[in-house]
Amino acid sequence: LVVQRAEAQAGAGDRLVRATGSFRYMFGQGGGVEAILNARQVDLDRLLEGPPRLPRDALNALLADVPVLASGGFPMSLGFEIGGMVLGGAQLTDLRGDVQSGTGRWTVQRLSARLPGDSAVEVSGDLVLTGEQGFSGSLSLNAARPSVLMAWLDGQQAPAGTLDDPIQLTTRMTVDAGRLLLDDIRARTAAGQATGRLALDVPALGRHALQAQIDADALDLDLLMRIARGAGARLDPATDTRIQLRARQASLAGLVARDVDLAIASDGRIDRA
C-alpha cells in the first residue's frame, strides 16, 4: 500500500500539530512502514498541559501516550525534516533525521538539529526509549554558548565566573540509567585542544562518581578551571572525583610548565573541626 501525499496530525484544538508526507505499508512477514514526514513548525510543548518541561521530561510524557511507537517493536523506517520545533520552552530549527525501528529499539542513522545556545548537533546510534532508556552511538557538537545549551537541557543556570566560549566536541557516547560515558573525546575550547575520556555515575542510591582523563599538547589552566566551574556546579557536592590531566605544556597564572602529569582526587567531603 503506497500513499504519495498524506497529512498526519496529533492533538486537538489549539494544540493541534500537523505534518505532511508519504508512506508505504508492506504486508506479510517482514513487512512494516516506510514514511517521510515534513513540517514547517511543530510545537511539542502545546501538546502537553501545564508549563514547559525540561526536554527529556517533555519527550517522556509524549512517548507515554504512544507506547507502541516508543517500544521500537514495530518495523518502521522514518525520514523527517522539520523547519522549527518548540520543546522545553525553546525553539529548535533545521531538524533532519533518518531512523529505523523493529528490534525493540530505534536505530538513528542520522539526526541533526540546531539547538539553544547557537548549537549544532548531530548524532547516530542505537536508542532505547522504554524500560531502561539509553543511547549508544556518536555525537558531534558545536556550541557557541554552551552554558545556554546546558541550561535548556537541565534547567540550571551557569554560576558567575563561568567561561561561556564556543566548544567543538566529537565523541562516542553511551547513556544508561544513572551513567554517562564519553569515549574518544576530541574537544576544542578556549583553553586549548584535548582528547580523553569521561565517565559519570549518578546512581539512584549511593554516591556519585566522576572519572576523567584529559590529554593535550597545550592547555590554559586558568580558562580550563573557569570552564570546569560551570560543569562542576551541575554535580552533587559530594561527588567522588578522579581526574588525570596530561599536557606537553600548561599555563597557570602566567607561569608555564612542560610535561605536566597531574592527578586530582576529591571525595567531596568537607571536614569540620
# chains A, B, ... in the order shown; residues from 1 in each chain; ligands from 1
call {"tool": "residues_around", "arguments": {"residues": "A:Pro146", "least_positions_apart": "4", "cutoff": "12 Å", "atoms": "only C-alpha atoms", "output": "PyMOL selection string"}}
result
chain A and resi 115-121+141-142+150-153+157-158+162-169+189+227+230-231
call {"tool": "select_by_dssp", "arguments": {"residues": "stretch 114-193 of chain A", "states": "strand (DSSP E or B)", "output": "PyMOL selection string"}}
result
chain A and resi 114-115+119-128+134-143+167-176+179-189+192-193
call {"tool": "select_by_dssp", "arguments": {"residues": "stretch 96-206 of chain A", "states": "helix (DSSP H, G or I)", "output": "list in words"}}
result
Pro146, Ser147, Val148, Leu149, Met150, Ala151, Trp152, Leu153 and Asp154 of chain A
call {"tool": "write_last_selection", "arguments": {"atoms": "all heavy atoms", "output": "PDB file, in the first residue's frame"}}
result
ATOM      1  N   PRO A 146      27.747  27.301  25.202  1.00  0.00           N
ATOM      2  CA  PRO A 146      27.404  26.028  25.830  1.00  0.00           C
ATOM      3  C   PRO A 146      26.604  26.157  27.119  1.00  0.00           C
ATOM      4  O   PRO A 146      25.820  25.270  27.444  1.00  0.00           O
ATOM      5  CB  PRO A 146      28.764  25.367  26.074  1.00  0.00           C
ATOM      6  CG  PRO A 146      29.771  26.469  25.968  1.00  0.00           C
ATOM      7  CD  PRO A 146      29.200  27.456  25.015  1.00  0.00           C
ATOM      8  N   SER A 147      26.779  27.257  27.873  1.00  0.00           N
ATOM      9  CA  SER A 147      26.017  27.399  29.118  1.00  0.00           C
ATOM     10  C   SER A 147      24.529  27.563  28.836  1.00  0.00           C
ATOM     11  O   SER A 147      23.682  27.105  29.619  1.00  0.00           O
ATOM     12  CB  SER A 147      26.535  28.591  29.938  1.00  0.00           C
ATOM     13  OG  SER A 147      26.251  29.817  29.290  1.00  0.00           O
ATOM     14  N   VAL A 148      24.176  28.204  27.724  1.00  0.00           N
ATOM     15  CA  VAL A 148      22.772  28.348  27.342  1.00  0.00           C
ATOM     16  C   VAL A 148      22.192  26.989  26.958  1.00  0.00           C
ATOM     17  O   VAL A 148      21.070  26.646  27.322  1.00  0.00           O
ATOM     18  CB  VAL A 148      22.628  29.354  26.182  1.00  0.00           C
ATOM     19  CG1 VAL A 148      21.173  29.416  25.697  1.00  0.00           C
ATOM     20  CG2 VAL A 148      23.097  30.734  26.616  1.00  0.00           C
ATOM     21  N   LEU A 149      22.974  26.203  26.234  1.00  0.00           N
ATOM     22  CA  LEU A 149      22.536  24.860  25.861  1.00  0.00           C
ATOM     23  C   LEU A 149      22.303  24.000  27.103  1.00  0.00           C
ATOM     24  O   LEU A 149      21.271  23.314  27.217  1.00  0.00           O
ATOM     25  CB  LEU A 149      23.587  24.208  24.963  1.00  0.00           C
ATOM     26  CG  LEU A 149      23.354  22.738  24.601  1.00  0.00           C
ATOM     27  CD1 LEU A 149      22.073  22.576  23.793  1.00  0.00           C
ATOM     28  CD2 LEU A 149      24.558  22.179  23.847  1.00  0.00           C
ATOM     29  N   MET A 150      23.243  24.017  28.048  1.00  0.00           N
ATOM     30  CA  MET A 150      23.104  23.205  29.250  1.00  0.00           C
ATOM     31  C   MET A 150      21.931  23.662  30.103  1.00  0.00           C
ATOM     32  O   MET A 150      21.229  22.837  30.700  1.00  0.00           O
ATOM     33  CB  MET A 150      24.399  23.247  30.059  1.00  0.00           C
ATOM     34  CG  MET A 150      25.581  22.568  29.388  1.00  0.00           C
ATOM     35  SD  MET A 150      25.257  20.838  28.992  1.00  0.00           S
ATOM     36  CE  MET A 150      24.960  20.168  30.628  1.00  0.00           C
ATOM     37  N   ALA A 151      21.705  24.969  30.182  1.00  0.00           N
ATOM     38  CA  ALA A 151      20.577  25.471  30.968  1.00  0.00           C
ATOM     39  C   ALA A 151      19.256  24.987  30.374  1.00  0.00           C
ATOM     40  O   ALA A 151      18.306  24.697  31.111  1.00  0.00           O
ATOM     41  CB  ALA A 151      20.619  26.996  31.013  1.00  0.00           C
ATOM     42  N   TRP A 152      19.180  24.897  29.059  1.00  0.00           N
ATOM     43  CA  TRP A 152      17.969  24.361  28.427  1.00  0.00           C
ATOM     44  C   TRP A 152      17.797  22.878  28.739  1.00  0.00           C
ATOM     45  O   TRP A 152      16.699  22.411  29.019  1.00  0.00           O
ATOM     46  CB  TRP A 152      18.041  24.583  26.922  1.00  0.00           C
ATOM     47  CG  TRP A 152      16.951  23.915  26.149  1.00  0.00           C
ATOM     48  CD1 TRP A 152      15.614  24.235  26.171  1.00  0.00           C
ATOM     49  CD2 TRP A 152      17.086  22.813  25.239  1.00  0.00           C
ATOM     50  NE1 TRP A 152      14.911  23.397  25.331  1.00  0.00           N
ATOM     51  CE2 TRP A 152      15.795  22.515  24.745  1.00  0.00           C
ATOM     52  CE3 TRP A 152      18.166  22.074  24.788  1.00  0.00           C
ATOM     53  CZ2 TRP A 152      15.558  21.487  23.830  1.00  0.00           C
ATOM     54  CZ3 TRP A 152      17.942  21.056  23.875  1.00  0.00           C
ATOM     55  CH2 TRP A 152      16.651  20.761  23.408  1.00  0.00           C
ATOM     56  N   LEU A 153      18.898  22.139  28.746  1.00  0.00           N
ATOM     57  CA  LEU A 153      18.823  20.697  28.966  1.00  0.00           C
ATOM     58  C   LEU A 153      18.472  20.340  30.402  1.00  0.00           C
ATOM     59  O   LEU A 153      17.672  19.427  30.644  1.00  0.00           O
ATOM     60  CB  LEU A 153      20.152  20.039  28.591  1.00  0.00           C
ATOM     61  CG  LEU A 153      20.482  19.980  27.094  1.00  0.00           C
ATOM     62  CD1 LEU A 153      21.910  19.500  26.883  1.00  0.00           C
ATOM     63  CD2 LEU A 153      19.496  19.069  26.362  1.00  0.00           C
ATOM     64  N   ASP A 154      19.075  21.036  31.374  1.00  0.00           N
ATOM     65  CA  ASP A 154      18.865  20.615  32.768  1.00  0.00           C
ATOM     66  C   ASP A 154      18.214  21.664  33.659  1.00  0.00           C
ATOM     67  O   ASP A 154      17.972  21.418  34.842  1.00  0.00           O
ATOM     68  CB  ASP A 154      20.180  20.154  33.407  1.00  0.00           C
ATOM     69  CG  ASP A 154      21.232  21.272  33.501  1.00  0.00           C
ATOM     70  OD1 ASP A 154      20.876  22.464  33.380  1.00  0.00           O
ATOM     71  OD2 ASP A 154      22.413  20.940  33.692  1.00  0.00           O
TER      72      ASP A 154
END
call {"tool": "atom_distance", "arguments": {"atom1": "atom CA of A:Gly102", "atom2": "atom CA of A:Arg53"}}
result
29.2 Å
call {"tool": "closest_atom_pairs", "arguments": {"of": "stretch 100-200 of chain A", "to": "stretch 245-261 of chain A", "cutoff": "10 Å", "atoms": "only C-alpha atoms", "output": "JSON lines"}}
result
{"residue": "A:Ala191", "atom": "CA", "partner": "A:Ala250", "partner_atom": "CA", "distance": 9.8}
{"residue": "A:Gly192", "atom": "CA", "partner": "A:Ala250", "partner_atom": "CA", "distance": 9.8}
{"residue": "A:Ala194", "atom": "CA", "partner": "A:Ala247", "partner_atom": "CA", "distance": 8.9}
{"residue": "A:Gly196", "atom": "CA", "partner": "A:Leu245", "partner_atom": "CA", "distance": 9.3}
call {"tool": "write_last_selection", "arguments": {"atoms": "N, CA and C atoms", "output": "mmCIF file, in the first residue's frame"}}
result
data_model
loop_
_atom_site.group_PDB
_atom_site.id
_atom_site.type_symbol
_atom_site.label_atom_id
_atom_site.label_comp_id
_atom_site.auth_asym_id
_atom_site.auth_seq_id
_atom_site.Cartn_x
_atom_site.Cartn_y
_atom_site.Cartn_z
ATOM 1 N N ALA A 191 40.420 27.016 26.097
ATOM 2 C CA ALA A 191 41.577 26.571 26.881
ATOM 3 C C ALA A 191 42.550 25.759 26.059
ATOM 4 N N GLY A 192 42.123 25.289 24.879
ATOM 5 C CA GLY A 192 43.000 24.502 24.027
ATOM 6 C C GLY A 192 42.283 23.294 23.451
ATOM 7 N N ALA A 194 41.981 19.108 23.196
ATOM 8 C CA ALA A 194 42.242 17.984 24.097
ATOM 9 C C ALA A 194 41.534 16.738 23.604
ATOM 10 N N GLY A 196 40.405 12.612 25.242
ATOM 11 C CA GLY A 196 40.263 11.960 26.532
ATOM 12 C C GLY A 196 39.033 11.107 26.666
#
call {"tool": "atom_distance", "arguments": {"atom1": "atom CA of A:Leu62", "atom2": "atom CA of A:Pro203"}}
result
25.1 Å
call {"tool": "residues_around", "arguments": {"residues": "A:Ala39", "least_positions_apart": "2", "cutoff": "7 Å", "atoms": "only C-alpha atoms", "output": "compact mmCIF listing (two decimals) with all heavy atoms, in the first residue's frame"}}
result
# COMPACT_ATOMS: atom_id res chain seq x y z
N ALA A 19 1.68 17.50 10.08
CA ALA A 19 2.84 17.21 9.23
C ALA A 19 2.33 16.56 7.96
O ALA A 19 1.30 15.88 7.94
CB ALA A 19 3.82 16.29 9.94
N THR A 20 3.03 16.78 6.86
CA THR A 20 2.67 16.16 5.58
C THR A 20 3.79 15.21 5.16
O THR A 20 4.91 15.27 5.67
CB THR A 20 2.48 17.23 4.49
OG1 THR A 20 3.70 17.95 4.32
CG2 THR A 20 1.37 18.20 4.87
N LEU A 37 8.21 12.42 6.48
CA LEU A 37 7.38 13.49 7.04
C LEU A 37 8.09 14.83 6.91
O LEU A 37 9.31 14.92 7.07
CB LEU A 37 7.07 13.22 8.51
CG LEU A 37 6.22 11.98 8.83
CD1 LEU A 37 6.06 11.84 10.33
CD2 LEU A 37 4.86 12.07 8.14
N GLN A 41 6.58 23.90 11.19
CA GLN A 41 6.69 24.26 12.59
C GLN A 41 5.89 23.27 13.42
O GLN A 41 4.73 22.98 13.12
CB GLN A 41 6.18 25.69 12.85
CG GLN A 41 6.23 26.12 14.30
CD GLN A 41 7.65 26.34 14.81
OE1 GLN A 41 8.56 26.61 14.02
NE2 GLN A 41 7.85 26.22 16.10
N VAL A 42 6.51 22.73 14.47
CA VAL A 42 5.86 21.80 15.38
C VAL A 42 6.08 22.30 16.81
O VAL A 42 7.22 22.53 17.22
CB VAL A 42 6.44 20.37 15.24
CG1 VAL A 42 5.86 19.45 16.30
CG2 VAL A 42 6.15 19.82 13.84
N GLU A 81 11.96 15.98 8.06
CA GLU A 81 12.55 17.31 8.04
C GLU A 81 11.55 18.27 8.68
O GLU A 81 10.40 18.35 8.23
CB GLU A 81 12.88 17.77 6.62
CG GLU A 81 14.01 16.99 5.96
CD GLU A 81 14.47 17.63 4.67
OE1 GLU A 81 14.01 18.77 4.38
OE2 GLU A 81 15.29 17.02 3.95
N ILE A 82 11.98 18.96 9.72
CA ILE A 82 11.12 19.89 10.44
C ILE A 82 11.84 21.23 10.51
O ILE A 82 12.95 21.32 11.05
CB ILE A 82 10.80 19.38 11.86
CG1 ILE A 82 10.15 17.99 11.79
CG2 ILE A 82 9.91 20.36 12.61
CD1 ILE A 82 9.94 17.34 13.14
N GLY A 83 11.21 22.27 9.98
CA GLY A 83 11.84 23.59 9.96
C GLY A 83 12.06 24.17 11.33
O GLY A 83 13.11 24.75 11.62
call {"tool": "closest_residue", "arguments": {"among": "A:Leu235, A:Gln133, A:Gln156, A:Glu122", "to": "A:Thr171", "atoms": "only C-alpha atoms"}}
result
A:Glu122
call {"tool": "residues_around", "arguments": {"residues": "A:Gly125", "least_positions_apart": "3", "cutoff": "7 Å", "atoms": "only C-alpha atoms", "output": "ChimeraX atom specification"}}
result
/A:107-109,136-138
call {"tool": "closest_residue", "arguments": {"among": "A:Leu87, A:Ala209, A:Ala70, A:Leu181", "to": "A:Thr103", "atoms": "only C-alpha atoms"}}
result
A:Ala70
call {"tool": "atom_distance", "arguments": {"atom1": "atom CA of A:Asp184", "atom2": "atom CA of A:Ala199"}}
result
11.7 Å
call {"tool": "closest_residue", "arguments": {"among": "A:Val33, A:Val123, A:Ile264, A:Ala204", "to": "A:Met173", "atoms": "only C-alpha atoms"}}
result
A:Val123
call {"tool": "residues_around", "arguments": {"residues": "A:Ala58", "least_positions_apart": "4", "cutoff": "12 Å", "atoms": "only C-alpha atoms", "output": "PyMOL selection string"}}
result
chain A and resi 43-54+62-65+86-89+153
call {"tool": "write_last_selection", "arguments": {"atoms": "N, CA and C atoms", "output": "PDB file, in the first residue's frame"}}
result
ATOM      1  N   ASP A  43       4.995  22.464  17.551  1.00  0.00           N
ATOM      2  CA  ASP A  43       5.082  22.926  18.939  1.00  0.00           C
ATOM      3  C   ASP A  43       4.738  21.756  19.849  1.00  0.00           C
ATOM      4  N   LEU A  44       5.765  21.018  20.288  1.00  0.00           N
ATOM      5  CA  LEU A  44       5.527  19.861  21.152  1.00  0.00           C
ATOM      6  C   LEU A  44       5.063  20.286  22.544  1.00  0.00           C
ATOM      7  N   ASP A  45       5.496  21.451  22.998  1.00  0.00           N
ATOM      8  CA  ASP A  45       5.075  21.917  24.327  1.00  0.00           C
ATOM      9  C   ASP A  45       3.558  22.092  24.405  1.00  0.00           C
ATOM     10  N   ARG A  46       2.943  22.484  23.295  1.00  0.00           N
ATOM     11  CA  ARG A  46       1.493  22.722  23.300  1.00  0.00           C
ATOM     12  C   ARG A  46       0.700  21.422  23.385  1.00  0.00           C
ATOM     13  N   LEU A  47       1.347  20.296  23.090  1.00  0.00           N
ATOM     14  CA  LEU A  47       0.658  19.016  23.230  1.00  0.00           C
ATOM     15  C   LEU A  47       0.537  18.592  24.688  1.00  0.00           C
ATOM     16  N   LEU A  48       1.298  19.241  25.571  1.00  0.00           N
ATOM     17  CA  LEU A  48       1.296  18.893  26.981  1.00  0.00           C
ATOM     18  C   LEU A  48       0.623  19.991  27.793  1.00  0.00           C
ATOM     19  N   GLU A  49      -0.103  19.612  28.798  1.00  0.00           N
ATOM     20  CA  GLU A  49      -0.728  20.585  29.675  1.00  0.00           C
ATOM     21  C   GLU A  49       0.283  21.091  30.695  1.00  0.00           C
ATOM     22  N   GLY A  50       0.079  22.331  31.140  1.00  0.00           N
ATOM     23  CA  GLY A  50       0.958  22.890  32.143  1.00  0.00           C
ATOM     24  C   GLY A  50       2.117  23.659  31.557  1.00  0.00           C
ATOM     25  N   PRO A  51       3.018  24.156  32.416  1.00  0.00           N
ATOM     26  CA  PRO A  51       4.158  24.955  31.955  1.00  0.00           C
ATOM     27  C   PRO A  51       5.163  24.095  31.206  1.00  0.00           C
ATOM     28  N   PRO A  52       6.069  24.736  30.453  1.00  0.00           N
ATOM     29  CA  PRO A  52       7.093  23.976  29.733  1.00  0.00           C
ATOM     30  C   PRO A  52       7.918  23.108  30.675  1.00  0.00           C
ATOM     31  N   ARG A  53       8.286  21.922  30.209  1.00  0.00           N
ATOM     32  CA  ARG A  53       9.093  20.995  30.989  1.00  0.00           C
ATOM     33  C   ARG A  53      10.490  20.910  30.395  1.00  0.00           C
ATOM     34  N   LEU A  54      11.386  20.284  31.140  1.00  0.00           N
ATOM     35  CA  LEU A  54      12.696  20.015  30.576  1.00  0.00           C
ATOM     36  C   LEU A  54      12.530  19.117  29.353  1.00  0.00           C
ATOM     37  N   LEU A  62       5.312  12.639  26.181  1.00  0.00           N
ATOM     38  CA  LEU A  62       4.712  12.404  24.868  1.00  0.00           C
ATOM     39  C   LEU A  62       4.811  10.930  24.475  1.00  0.00           C
ATOM     40  N   LEU A  63       5.943  10.295  24.748  1.00  0.00           N
ATOM     41  CA  LEU A  63       6.117   8.892  24.392  1.00  0.00           C
ATOM     42  C   LEU A  63       5.208   7.985  25.204  1.00  0.00           C
ATOM     43  N   ALA A  64       4.848   8.411  26.420  1.00  0.00           N
ATOM     44  CA  ALA A  64       3.950   7.604  27.246  1.00  0.00           C
ATOM     45  C   ALA A  64       2.580   7.455  26.599  1.00  0.00           C
ATOM     46  N   ASP A  65       2.213   8.389  25.719  1.00  0.00           N
ATOM     47  CA  ASP A  65       0.919   8.326  25.033  1.00  0.00           C
ATOM     48  C   ASP A  65       0.959   7.416  23.813  1.00  0.00           C
ATOM     49  N   VAL A  86       9.226  23.685  18.888  1.00  0.00           N
ATOM     50  CA  VAL A  86       9.271  24.215  20.246  1.00  0.00           C
ATOM     51  C   VAL A  86       9.309  23.036  21.206  1.00  0.00           C
ATOM     52  N   LEU A  87      10.336  22.989  22.046  1.00  0.00           N
ATOM     53  CA  LEU A  87      10.500  21.902  23.005  1.00  0.00           C
ATOM     54  C   LEU A  87      11.208  22.446  24.239  1.00  0.00           C
ATOM     55  N   GLY A  88      10.649  22.173  25.395  1.00  0.00           N
ATOM     56  CA  GLY A  88      11.276  22.647  26.623  1.00  0.00           C
ATOM     57  C   GLY A  88      11.341  24.150  26.728  1.00  0.00           C
ATOM     58  N   GLY A  89      10.378  24.834  26.123  1.00  0.00           N
ATOM     59  CA  GLY A  89      10.332  26.285  26.203  1.00  0.00           C
ATOM     60  C   GLY A  89      11.288  27.005  25.274  1.00  0.00           C
ATOM     61  N   LEU A 153      18.898  22.139  28.746  1.00  0.00           N
ATOM     62  CA  LEU A 153      18.823  20.697  28.966  1.00  0.00           C
ATOM     63  C   LEU A 153      18.472  20.340  30.402  1.00  0.00           C
TER      64      LEU A 153
END
